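Heads up, upload37.txt below (compact mmCIF, C-alpha atoms (C1' of nucleotides)):
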```txt
# COMPACT_ATOMS: atom_id res chain seq x y z
CA MET A 100 77.93 77.54 176.92
CA PRO A 101 78.56 76.25 173.43
CA ARG A 102 81.60 78.45 172.99
CA ILE A 103 83.56 76.23 175.34
CA LEU A 104 83.22 73.47 172.82
CA ALA A 105 84.94 75.53 170.16
CA PRO A 106 88.50 74.34 170.90
CA ARG A 107 87.25 70.77 170.78
CA ASN A 108 85.21 71.37 167.68
CA LEU A 109 87.75 73.33 165.75
CA PRO A 110 90.21 70.48 165.21
CA MET A 111 87.28 68.32 164.18
CA GLN A 112 86.12 70.88 161.69
CA GLN A 113 89.64 71.27 160.42
CA ARG A 114 90.17 67.55 160.03
CA ALA A 115 86.83 67.31 158.25
CA LEU A 116 87.79 70.12 155.89
CA GLU A 117 91.17 68.54 155.26
CA LYS A 118 89.54 65.23 154.43
CA ARG A 119 87.19 67.03 152.08
CA GLU A 120 90.18 68.63 150.39
CA MET A 121 91.90 65.27 150.16
CA ILE A 122 88.88 63.73 148.43
CA LEU A 123 88.81 66.60 145.96
CA SER A 124 92.51 66.49 145.11
CA VAL A 125 92.50 62.68 144.86
CA THR A 126 89.54 62.89 142.49
CA ALA A 127 91.24 65.55 140.36
CA LYS A 128 94.33 63.35 140.07
CA LEU A 129 92.35 60.19 139.30
CA LEU A 130 90.36 62.07 136.67
CA GLY A 131 93.60 62.68 134.79
CA THR A 132 95.02 59.17 135.27
CA VAL A 133 92.20 56.58 135.10
CA GLY A 134 89.69 58.73 133.21
CA GLN A 135 86.01 59.41 133.64
CA ASP A 136 84.77 55.85 133.05
CA ASP A 137 86.93 54.08 135.62
CA LEU A 138 86.49 56.78 138.24
CA THR A 139 84.44 54.76 140.77
CA THR A 140 83.43 55.96 144.22
CA ILE A 141 85.15 52.95 145.82
CA LEU A 142 88.39 53.83 144.02
CA ILE A 143 88.19 57.44 145.21
CA ALA A 144 87.49 56.27 148.75
CA ASN A 145 90.34 53.74 148.80
CA LYS A 146 92.88 56.18 147.34
CA THR A 147 91.83 58.72 149.94
CA GLY A 148 92.23 56.07 152.63
CA ILE A 149 88.59 55.99 153.75
CA SER A 150 85.58 53.75 153.15
CA VAL A 151 82.78 54.42 150.69
CA GLY A 152 80.44 55.13 153.59
CA THR A 153 82.73 57.87 154.85
CA LEU A 154 83.02 59.32 151.35
CA TYR A 155 79.24 59.69 151.37
CA HIS A 156 79.49 61.46 154.70
CA TYR A 157 81.36 64.28 152.97
CA PHE A 158 79.57 64.31 149.61
CA PRO A 159 75.93 63.33 148.92
CA ASN A 160 76.81 61.64 145.61
CA LYS A 161 79.52 61.10 143.05
CA TYR A 162 78.72 64.13 140.92
CA SER A 163 78.77 66.46 143.92
CA ILE A 164 82.51 65.80 144.11
CA LEU A 165 82.93 66.80 140.48
CA PHE A 166 80.55 69.69 141.09
CA ALA A 167 82.81 70.98 143.88
CA LEU A 168 85.85 70.65 141.61
CA SER A 169 84.05 72.59 138.89
CA GLN A 170 83.01 75.33 141.29
CA ARG A 171 86.59 75.72 142.42
CA TRP A 172 87.73 76.16 138.82
CA LEU A 173 84.94 78.62 138.00
CA ASN A 174 85.90 80.61 141.09
CA GLU A 175 89.41 81.01 139.74
CA ILE A 176 87.91 82.40 136.54
CA ASP A 177 85.91 84.88 138.61
CA TYR A 178 89.10 86.16 140.21
CA ALA A 179 90.64 86.57 136.76
CA LEU A 180 87.56 88.42 135.53
CA ASP A 181 87.75 90.79 138.49
CA ASP A 182 91.35 91.55 137.61
CA ILE A 183 90.47 92.08 133.95
CA ASP A 184 87.58 94.33 134.97
CA ASN A 185 89.84 96.43 137.17
CA PHE A 186 92.50 96.66 134.49
CA SER A 187 90.11 97.72 131.72
CA LEU A 188 89.75 101.44 132.36
CA LYS A 189 87.94 103.72 129.92
CA ASP A 190 91.10 104.84 128.09
CA VAL A 191 92.99 101.55 127.84
CA SER A 192 93.86 100.50 124.28
CA LEU A 193 92.37 97.40 122.67
CA ARG A 194 95.87 95.99 122.33
CA ASP A 195 96.63 96.41 126.04
CA PHE A 196 93.23 95.06 127.02
CA THR A 197 93.63 92.00 124.78
CA ASN A 198 97.15 91.24 125.92
CA TYR A 199 96.24 91.55 129.59
CA SER A 200 92.99 89.60 129.45
CA ILE A 201 94.38 86.67 127.45
CA ASP A 202 97.49 86.43 129.62
CA ARG A 203 95.41 86.57 132.80
CA MET A 204 93.06 83.84 131.53
CA LEU A 205 96.04 81.72 130.50
CA ASN A 206 97.17 81.66 134.13
CA VAL A 207 93.86 80.20 135.24
CA TYR A 208 94.05 77.46 132.61
CA THR A 209 97.70 76.71 133.38
CA ASP A 210 97.25 76.44 137.14
CA GLN A 211 94.28 74.06 137.24
CA GLU A 212 95.30 70.42 137.61
CA GLY A 213 93.39 68.05 135.33
CA ILE A 214 91.57 70.90 133.62
CA LEU A 215 91.11 68.98 130.34
CA PRO A 216 89.04 66.07 131.72
CA LEU A 217 87.23 68.50 134.02
CA VAL A 218 86.17 70.71 131.12
CA GLN A 219 84.96 67.65 129.22
CA LEU A 220 82.95 66.51 132.22
CA MET A 221 81.40 69.95 132.63
CA SER A 222 79.98 69.84 129.13
CA GLY A 223 78.92 66.19 129.34
CA VAL A 224 77.28 65.82 132.77
CA PRO A 225 73.90 67.62 132.97
CA GLU A 226 74.37 68.84 136.56
CA LEU A 227 77.78 70.33 135.81
CA LYS A 228 76.69 71.62 132.43
CA GLU A 229 74.01 73.71 134.11
CA LEU A 230 76.56 75.17 136.51
CA ASP A 231 78.90 75.91 133.60
CA GLU A 232 76.20 77.57 131.52
CA GLU A 233 75.08 79.78 134.41
CA HIS A 234 78.67 80.80 134.90
CA ASP A 235 79.05 81.59 131.19
CA GLU A 236 76.15 84.02 131.58
CA LYS A 237 78.05 85.77 134.37
CA ILE A 238 81.17 86.00 132.21
CA ILE A 239 79.18 87.41 129.31
CA PHE A 240 77.58 89.97 131.63
CA THR A 241 80.96 91.17 132.91
CA MET A 242 82.62 91.23 129.49
CA SER A 243 79.68 93.16 128.04
CA LYS A 244 80.16 95.80 130.71
CA ILE A 245 83.87 96.01 129.88
CA PHE A 246 83.35 96.14 126.10
CA ASN A 247 80.83 98.91 126.63
CA ARG A 248 83.30 100.86 128.75
CA LEU A 249 85.95 100.43 126.05
CA SER A 250 83.53 102.01 123.53
CA ILE A 251 83.34 98.85 121.42
CA SER A 252 79.57 98.97 121.27
CA SER A 253 76.55 100.08 123.31
CA ASN A 254 74.02 97.68 121.81
CA PRO A 255 73.27 94.97 124.43
CA LEU A 256 72.75 92.29 121.79
CA THR A 257 76.02 93.12 120.06
CA LEU A 258 77.87 93.27 123.39
CA SER A 259 76.48 89.92 124.43
CA ARG A 260 77.38 88.30 121.11
CA LEU A 261 80.93 89.69 121.17
CA SER A 262 81.34 88.49 124.75
CA GLN A 263 80.20 84.99 123.89
CA THR A 264 82.54 84.86 120.90
CA TRP A 265 85.39 86.21 123.06
CA LEU A 266 84.65 83.51 125.65
CA GLU A 267 84.38 80.55 123.27
CA VAL A 268 87.38 81.44 121.11
CA THR A 269 89.57 82.17 124.12
CA HIS A 270 88.45 78.97 125.84
CA ALA A 271 89.01 76.76 122.77
CA ILE A 272 92.45 78.16 121.98
CA LEU A 273 93.73 78.29 125.56
CA LEU A 274 92.92 74.58 125.88
CA ILE A 275 95.22 73.99 122.90
CA ALA A 276 97.86 76.39 124.19
CA ILE A 277 98.32 74.73 127.59
CA THR A 278 99.12 71.37 125.97
CA SER A 279 101.61 72.87 123.48
CA LYS A 280 105.37 73.13 123.61
CA LYS A 281 106.91 76.47 124.52
CA ASP A 282 107.54 77.95 121.06
CA ASP A 283 104.28 76.70 119.60
CA LYS A 284 102.43 78.06 122.62
CA LYS A 285 103.85 81.53 122.03
CA SER A 286 102.68 81.51 118.40
CA ILE A 287 99.25 80.17 119.32
CA LEU A 288 98.77 82.89 121.92
CA SER A 289 99.89 85.52 119.42
CA ASP A 290 97.37 84.17 116.87
CA LEU A 291 94.62 84.20 119.49
CA LYS A 292 95.36 87.79 120.51
CA HIS A 293 95.43 88.85 116.87
CA MET A 294 92.02 87.29 116.20
CA ILE A 295 90.41 88.78 119.31
CA MET A 296 91.82 92.21 118.51
CA SER A 297 90.50 92.06 114.94
CA LEU A 298 87.10 91.10 116.28
CA LEU A 299 86.97 94.00 118.72
CA GLU A 300 88.46 96.54 116.30
CA LYS A 301 85.89 95.70 113.67
CA ALA A 302 83.04 96.07 116.16
CA LYS A 303 84.47 99.37 117.41
CA SER A 304 84.84 100.77 113.88
CA ASN A 305 81.16 99.96 113.22
CA PHE A 306 80.17 101.84 116.37
CA MET B 298 76.51 27.30 94.06
CA PRO B 299 76.41 30.01 96.68
CA ARG B 300 75.42 32.65 94.17
CA ILE B 301 71.91 31.19 94.03
CA LEU B 302 71.45 32.26 97.63
CA ALA B 303 72.03 35.90 96.81
CA PRO B 304 68.39 36.80 96.14
CA ARG B 305 67.47 35.20 99.44
CA ASN B 306 70.31 36.83 101.28
CA LEU B 307 69.86 40.29 99.91
CA PRO B 308 66.54 41.03 101.62
CA MET B 309 68.02 39.68 104.84
CA GLN B 310 71.02 41.91 104.47
CA GLN B 311 68.80 44.83 103.69
CA ARG B 312 66.54 44.22 106.67
CA ALA B 313 69.62 43.89 108.84
CA LEU B 314 71.03 47.14 107.49
CA GLU B 315 67.71 48.88 108.00
CA LYS B 316 67.56 47.66 111.59
CA ARG B 317 71.08 48.92 112.10
CA GLU B 318 70.03 52.29 110.73
CA MET B 319 66.99 52.30 113.01
CA ILE B 320 69.13 51.68 116.07
CA LEU B 321 71.45 54.52 115.06
CA SER B 322 68.70 57.06 114.42
CA VAL B 323 66.80 56.07 117.59
CA THR B 324 70.03 56.52 119.57
CA ALA B 325 70.70 59.92 117.99
CA LYS B 326 67.18 61.06 118.91
CA LEU B 327 67.38 59.69 122.46
CA LEU B 328 70.75 61.37 122.94
CA GLY B 329 69.04 64.71 122.36
CA THR B 330 65.95 63.97 124.48
CA VAL B 331 66.92 61.87 127.54
CA GLY B 332 70.63 62.77 127.58
CA GLN B 333 73.80 60.76 128.00
CA ASP B 334 73.12 59.49 131.53
CA ASP B 335 69.68 57.98 130.93
CA LEU B 336 70.64 56.49 127.59
CA THR B 337 70.43 52.80 128.57
CA THR B 338 70.79 49.89 126.17
CA ILE B 339 67.37 48.55 127.20
CA LEU B 340 65.80 51.92 126.39
CA ILE B 341 67.44 51.98 122.96
CA ALA B 342 66.32 48.40 122.31
CA ASN B 343 62.72 49.04 123.40
CA LYS B 344 62.40 52.27 121.39
CA THR B 345 63.74 50.41 118.35
CA GLY B 346 61.21 47.64 118.98
CA ILE B 347 63.73 44.86 119.62
CA SER B 348 65.16 43.11 122.69
CA VAL B 349 68.50 43.88 124.30
CA GLY B 350 69.84 40.60 122.99
CA THR B 351 69.05 41.58 119.42
CA LEU B 352 70.66 44.98 119.96
CA TYR B 353 73.85 43.16 120.86
CA HIS B 354 73.53 41.14 117.67
CA TYR B 355 74.04 44.37 115.70
CA PHE B 356 76.52 46.15 117.97
CA PRO B 357 79.13 44.56 120.24
CA ASN B 358 78.59 47.13 123.02
CA LYS B 359 76.95 50.41 123.89
CA TYR B 360 79.81 52.65 122.81
CA SER B 361 80.04 50.97 119.40
CA ILE B 362 76.64 52.54 118.65
CA LEU B 363 77.95 55.97 119.57
CA PHE B 364 81.15 55.16 117.69
CA ALA B 365 79.15 54.48 114.52
CA LEU B 366 77.24 57.75 114.99
CA SER B 367 80.51 59.61 115.39
CA GLN B 368 82.00 58.02 112.29
CA ARG B 369 78.98 59.05 110.28
CA TRP B 370 79.40 62.66 111.40
CA LEU B 371 83.14 62.65 110.72
CA ASN B 372 82.42 61.29 107.24
CA GLU B 373 80.22 64.29 106.52
CA ILE B 374 83.11 66.53 107.51
CA ASP B 375 85.35 64.62 105.08
CA TYR B 376 82.92 65.35 102.24
CA ALA B 377 82.97 69.03 103.18
CA LEU B 378 86.77 69.04 103.29
CA ASP B 379 86.89 67.49 99.82
CA ASP B 380 84.64 70.28 98.54
CA ILE B 381 86.76 72.92 100.25
CA ASP B 382 89.91 71.35 98.83
CA ASN B 383 88.45 71.37 95.30
CA PHE B 384 87.27 74.96 95.68
CA SER B 385 90.60 76.29 96.95
CA LEU B 386 92.56 76.75 93.75
CA LYS B 387 95.93 78.52 93.71
CA ASP B 388 94.52 81.92 92.76
CA VAL B 389 91.41 82.08 94.96
CA SER B 390 91.30 85.05 97.36
CA LEU B 391 91.42 84.61 101.13
CA ARG B 392 88.00 86.24 101.33
CA ASP B 393 86.45 83.76 98.89
CA PHE B 394 88.20 80.84 100.54
CA THR B 395 87.03 81.87 104.01
CA ASN B 396 83.45 82.51 102.94
CA TYR B 397 83.21 79.21 101.11
CA SER B 398 84.87 77.04 103.75
CA ILE B 399 82.89 78.44 106.69
CA ASP B 400 79.59 78.21 104.80
CA ARG B 401 80.36 74.65 103.73
CA MET B 402 81.25 73.61 107.28
CA LEU B 403 78.11 75.29 108.59
CA ASN B 404 76.04 72.93 106.44
CA VAL B 405 77.62 69.89 108.08
CA TYR B 406 76.90 71.25 111.54
CA THR B 407 73.35 72.25 110.64
CA ASP B 408 72.40 68.92 109.06
CA GLN B 409 73.55 66.59 111.83
CA GLU B 410 70.76 65.69 114.25
CA GLY B 411 71.80 65.78 117.92
CA ILE B 412 75.24 67.12 117.08
CA LEU B 413 75.65 68.92 120.42
CA PRO B 414 75.40 65.86 122.71
CA LEU B 415 77.37 63.86 120.16
CA VAL B 416 80.25 66.33 120.21
CA GLN B 417 80.25 66.28 124.00
CA LEU B 418 80.37 62.48 124.00
CA MET B 419 83.23 62.45 121.52
CA SER B 420 85.40 64.51 123.85
CA GLY B 421 84.33 62.65 126.99
CA VAL B 422 84.38 58.95 126.05
CA PRO B 423 87.96 57.66 125.55
CA GLU B 424 87.09 55.37 122.59
CA LEU B 425 85.34 58.19 120.73
CA LYS B 426 87.93 60.75 121.75
CA GLU B 427 90.62 58.70 120.06
CA LEU B 428 88.57 58.52 116.86
CA ASP B 429 87.97 62.26 117.02
CA GLU B 430 91.63 63.08 117.59
CA GLU B 431 92.76 60.90 114.70
CA HIS B 432 90.24 62.65 112.51
CA ASP B 433 91.47 66.06 113.64
CA GLU B 434 94.92 65.03 112.38
CA LYS B 435 93.42 64.30 108.97
CA ILE B 436 91.69 67.70 108.91
CA ILE B 437 94.92 69.46 109.88
CA PHE B 438 96.78 67.60 107.13
CA THR B 439 94.27 68.64 104.47
CA MET B 440 94.02 72.24 105.64
CA SER B 441 97.81 72.54 105.74
CA LYS B 442 97.93 71.45 102.11
CA ILE B 443 95.31 74.07 101.22
CA PHE B 444 96.97 76.88 103.20
CA ASN B 445 100.25 76.05 101.48
CA ARG B 446 98.59 76.20 98.06
CA LEU B 447 97.07 79.59 98.97
CA SER B 448 100.59 80.87 99.73
CA ILE B 449 99.80 81.49 103.39
CA SER B 450 102.95 79.72 104.54
CA SER B 451 105.30 76.91 103.55
CA ASN B 452 106.58 76.07 107.02
CA PRO B 453 104.99 72.75 108.11
CA LEU B 454 104.86 73.75 111.77
CA THR B 455 103.20 77.07 110.97
CA LEU B 456 100.76 75.38 108.58
CA SER B 457 99.86 72.79 111.17
CA ARG B 458 99.35 75.41 113.89
CA LEU B 459 97.18 77.61 111.64
CA SER B 460 95.13 74.56 110.66
CA GLN B 461 94.53 73.57 114.25
CA THR B 462 93.52 77.11 115.15
CA TRP B 463 91.24 77.24 112.10
CA LEU B 464 89.67 73.96 113.18
CA GLU B 465 89.13 74.80 116.83
CA VAL B 466 87.83 78.34 116.30
CA THR B 467 85.50 77.25 113.50
CA HIS B 468 84.25 74.32 115.55
CA ALA B 469 83.63 76.36 118.70
CA ILE B 470 81.82 79.19 116.92
CA LEU B 471 79.75 77.01 114.58
CA LEU B 472 78.41 75.18 117.63
CA ILE B 473 77.19 78.55 118.92
CA ALA B 474 75.88 79.60 115.52
CA ILE B 475 73.63 76.59 114.97
CA THR B 476 71.78 77.24 118.24
CA SER B 477 71.30 80.98 117.52
CA LYS B 478 68.36 82.85 116.08
CA LYS B 479 68.56 83.95 112.45
CA ASP B 480 69.86 87.51 112.84
CA ASP B 481 72.30 86.64 115.60
CA LYS B 482 73.55 83.69 113.55
CA LYS B 483 74.35 85.99 110.64
CA SER B 484 76.40 88.30 112.86
CA ILE B 485 78.19 85.41 114.54
CA LEU B 486 79.17 83.91 111.17
CA SER B 487 80.35 87.33 110.00
CA ASP B 488 82.50 87.66 113.15
CA LEU B 489 83.91 84.17 112.65
CA LYS B 490 84.82 84.86 109.03
CA HIS B 491 86.42 88.14 110.01
CA MET B 492 88.59 86.46 112.65
CA ILE B 493 89.66 83.62 110.37
CA MET B 494 90.51 86.04 107.59
CA SER B 495 92.61 88.20 109.94
CA LEU B 496 94.45 85.10 111.08
CA LEU B 497 95.27 83.99 107.55
CA GLU B 498 96.11 87.47 106.28
CA LYS B 499 98.56 88.01 109.10
CA ALA B 500 100.26 84.68 108.40
CA LYS B 501 100.40 85.43 104.69
CA SER B 502 101.91 88.88 105.24
CA ASN B 503 104.65 87.29 107.36
CA PHE B 504 105.41 84.84 104.56
C1' DA C 187 80.39 60.66 167.29
C1' DC C 188 82.22 58.65 163.50
C1' DC C 189 83.38 54.83 160.45
C1' DT C 190 82.77 50.37 158.06
C1' DG C 191 81.42 47.38 154.32
C1' DA C 192 77.72 44.07 153.25
C1' DA C 193 73.41 44.70 150.92
C1' DC C 194 70.27 46.78 147.50
C1' DA C 195 68.91 48.80 143.05
C1' DC C 196 70.16 49.41 138.52
C1' DC C 197 72.77 49.08 134.05
C1' DG C 198 75.85 46.75 130.57
C1' DT C 199 76.42 42.35 128.72
C1' DT C 200 75.75 37.26 127.98
C1' DC C 201 73.72 32.94 126.78
C1' DA C 202 70.44 29.08 127.50
C1' DA C 203 66.06 28.39 125.86
C1' DG C 204 62.36 29.48 122.61
C1' DT C 205 60.19 30.02 117.81
C1' DA D 10 68.43 31.24 111.63
C1' DC D 11 67.14 34.63 114.59
C1' DC D 12 65.18 36.51 118.84
C1' DT D 13 64.11 36.75 123.83
C1' DG D 14 64.79 38.15 128.55
C1' DA D 15 66.39 36.08 132.91
C1' DA D 16 70.88 35.91 134.96
C1' DC D 17 75.52 37.71 136.04
C1' DA D 18 79.06 41.17 137.11
C1' DC D 19 79.77 45.63 138.54
C1' DC D 20 78.94 50.46 140.26
C1' DG D 21 76.39 54.10 142.93
C1' DT D 22 74.26 54.51 147.24
C1' DT D 23 72.41 53.22 151.91
C1' DC D 24 72.21 51.79 156.61
C1' DA D 25 72.63 48.36 160.39
C1' DA D 26 76.28 47.22 163.16
C1' DG D 27 80.84 48.21 165.08
C1' DT D 28 84.39 51.10 167.76
```
structure tokens encoding of this file:
Amino acid sequence: MPRILAPRNLPMQQRALEKREMILSVTAKLLGTVGQDDLTTILIANKTGISVGTLYHYFPNKYSILFALSQRWLNEIDYALDDIDNFSLKDVSLRDFTNYSIDRMLNVYTDQEGILPLVQLMSGVPELKELDEEHDEKIIFTMSKIFNRLSISSNPLTLSRLSQTWLEVTHAILLIAITSKKDDKKSILSDLKHMIMSLLEKAKSNF
Amino acid sequence: MPRILAPRNLPMQQRALEKREMILSVTAKLLGTVGQDDLTTILIANKTGISVGTLYHYFPNKYSILFALSQRWLNEIDYALDDIDNFSLKDVSLRDFTNYSIDRMLNVYTDQEGILPLVQLMSGVPELKELDEEHDEKIIFTMSKIFNRLSISSNPLTLSRLSQTWLEVTHAILLIAITSKKDDKKSILSDLKHMIMSLLEKAKSNF
DNA sequence: ACCTGAACACCGTTCAAGT
DNA sequence: ACCTGAACACCGTTCAAGT
């Protein structure tokens, strides 16, 4: 009767999951403090209070830790995209859409600890880059659907291009915004929204 | 009379410089083919046709090779900025300025071999990141001067913010543009110019 | 059942020995 | 005067031995 083992197993599972979480949060912190180059597996293990061998019990290799951190961050973006999708009804104005979507994305960028080094890693490490690029495709797919619903265009190529531009411009500027002081941040966000709105208005007027 | 050695030294110097160039171009090519992770010093040395020891005669360490590649690329940007600065006279229109500056920057991005992995390295490796960030400051200084001359603003903080936004948006979108097919590239550049122009027009109208 | 850390393979860098 | 490549230090990963 395996079920009888459950009470015994559960704490084990929980402790294992907690240790996994600890490794991830320690790595995220170290990424911001010591940087990518000095981030050794032994350092991660020691700071987590375990041995290297145990570290490799939870993760098959060093990059799988960074992979898990990346996945977590991309998941947060997915939640934001869902919210943006739900908000963007047929009759919503471009201004409202832009304000909501940029603000919602800003939250994701603000909440993630050590997002700057993580983003750099994602574009530099092949394994993470692949994950990131696949995820970009998903974003572009969702945004295309939304832009179509908002009557910005119906041409798949145009929708895909606008979505990619929306993604890259938003990404680049939000990374600046989160490291800016309060007043500057407000202006930067206002500039970003203005640019995105111009982009979408122009596309819509051509449609 | 040391001067008598010059004819003897010159060919040596030249051969040394040529070897240095070979190492740099081999590294740039390898960066695009094998990627950052498999770019070992022994591989660079072998592909250049020299030993590791000789490689270290020309460069003090691995990153100094990538540092030299980065400097070369940043130099090309400086030439472009000079051209943009010379083009941007007091009475030039925002449309002409935007068209010229984006087109001129596009050339720099198009001409550089292996620019994508190089850009990733520059943001990921601390030594290169520092070089890149210092250079960004120079770009922002020059662009601020230009934006001021074009009567877009006279507030240093506003000028600096607009310059940074100009830089980041242009950078992000040009990286997409250079990997796009002809027709798509045209549309992407048109979108970029439209966004930049909206940004500058808005700032100017507030001035 | 889970953990440890010495041991192995590999990469950046050096330097004694070669031409 | 310049080049070579074995040797060293260090990091990612494994696995025999411990509890």
**OP:** Write down, as a list in words, each residue of chain A that has any atom within 9 Å of an atom of chain C, counting only C-alpha atoms (C1' of nucleotides).
**Re:**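 Going by the stated atoms only, the list reads Ile149, Ser150, Val151, Gly152 and Thr153 of chain A.
Minimum atom-to-atom distance to chain A, evaluated using all atoms listed in the file, belongs to B:Gln333 out of B:Lys478, B:Gln333, B:Glu498, B:Pro453.
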Original post:
Quick one: distance from CA of Arg260 in chain A to CA of Ser420 in chain B in Å, one decimal?
Top reply: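 According to the coordinates, CA of Arg260 in chain A and CA of Ser420 in chain B are separated by 25.3 Å.
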Subject >> Long-range neighbours of Asp283 in chain A as a PyMOL selection string, 12 Å cut-off, all atoms listed in the file, 2 positions minimum in chain >> reply: (chain A and resi 275-281+285-290) or (chain B and resi 454-459+461-462)
**OP:** Just the residues within 12 Å of Glu236 in chain A, please, counting only C-alpha atoms (C1' of nucleotides), with nothing from its chain fewer than 4 positions along; format it as a list in words.
**Re:**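 That gives Glu229, Leu230, Asp231, Glu232, Phe240, Thr241, Met242, Ser243, Ser259, Arg260, Ser262, Gln263 and Leu266 of chain A.
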**OP:** In Å, rounded to a single decimal, give me how far CA of Leu413 in chain B is from CA of Leu327 in chain B.
**Re:**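 Taking CA of Leu327 in chain B as the start and CA of Leu413 in chain B as the end point, the length is 12.6 Å.
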Give me the box for range 199-216 of chain A as lines of an AutoDock Vina configuration file, namely the centre and edge lengths in Å to one decimal of a box along x, y and z that holds every listed atom plus 6 Å on each side.
```
center_x = 93.4
center_y = 78.8
center_z = 132.5
size_x = 20.7
size_y = 37.5
size_z = 22.2
```
Subject >> Atom pair CA of Ser448 in chain B / CA of Lys387 in chain B: separation (Å) >> reply: 8.0 Å
Subject >> Distance criterion (only C-alpha atoms): nearest to chain A out of B:Arg369, B:Asp334, B:Lys359, B:Thr407 >> reply: B:Asp334
**OP:** Can you check which residues of chain B have any atom within 6 Å of chain A? Use all atoms listed in the file and format it as JSON, numbers by chain.
**Re:** {"B": [417, 421, 466, 492]}
Please list, as a PDB file with C-alpha atoms (C1' of nucleotides), in the frame of the given file, the residues that have an atom at most 10 Å away from (69.4, 51.5, 125.8) in the coordinates of this file, counting all atoms listed in the file.
```
ATOM      1  CA  ILE B 320      69.130  51.680 116.070  1.00  0.00           C
ATOM      2  CA  VAL B 323      66.800  56.070 117.590  1.00  0.00           C
ATOM      3  CA  THR B 324      70.030  56.520 119.570  1.00  0.00           C
ATOM      4  CA  LEU B 327      67.380  59.690 122.460  1.00  0.00           C
ATOM      5  CA  ASP B 335      69.680  57.980 130.930  1.00  0.00           C
ATOM      6  CA  LEU B 336      70.640  56.490 127.590  1.00  0.00           C
ATOM      7  CA  THR B 337      70.430  52.800 128.570  1.00  0.00           C
ATOM      8  CA  THR B 338      70.790  49.890 126.170  1.00  0.00           C
ATOM      9  CA  ILE B 339      67.370  48.550 127.200  1.00  0.00           C
ATOM     10  CA  LEU B 340      65.800  51.920 126.390  1.00  0.00           C
ATOM     11  CA  ILE B 341      67.440  51.980 122.960  1.00  0.00           C
ATOM     12  CA  ALA B 342      66.320  48.400 122.310  1.00  0.00           C
ATOM     13  CA  ASN B 343      62.720  49.040 123.400  1.00  0.00           C
ATOM     14  CA  LYS B 344      62.400  52.270 121.390  1.00  0.00           C
ATOM     15  CA  THR B 345      63.740  50.410 118.350  1.00  0.00           C
ATOM     16  CA  SER B 348      65.160  43.110 122.690  1.00  0.00           C
ATOM     17  CA  VAL B 349      68.500  43.880 124.300  1.00  0.00           C
ATOM     18  CA  LEU B 352      70.660  44.980 119.960  1.00  0.00           C
ATOM     19  CA  LYS B 359      76.950  50.410 123.890  1.00  0.00           C
TER      20      LYS B 359
ATOM     21  C1'  DC C 197      72.770  49.080 134.050  1.00  0.00           C
ATOM     22  C1'  DG C 198      75.850  46.750 130.570  1.00  0.00           C
TER      23       DG C 198
END
```
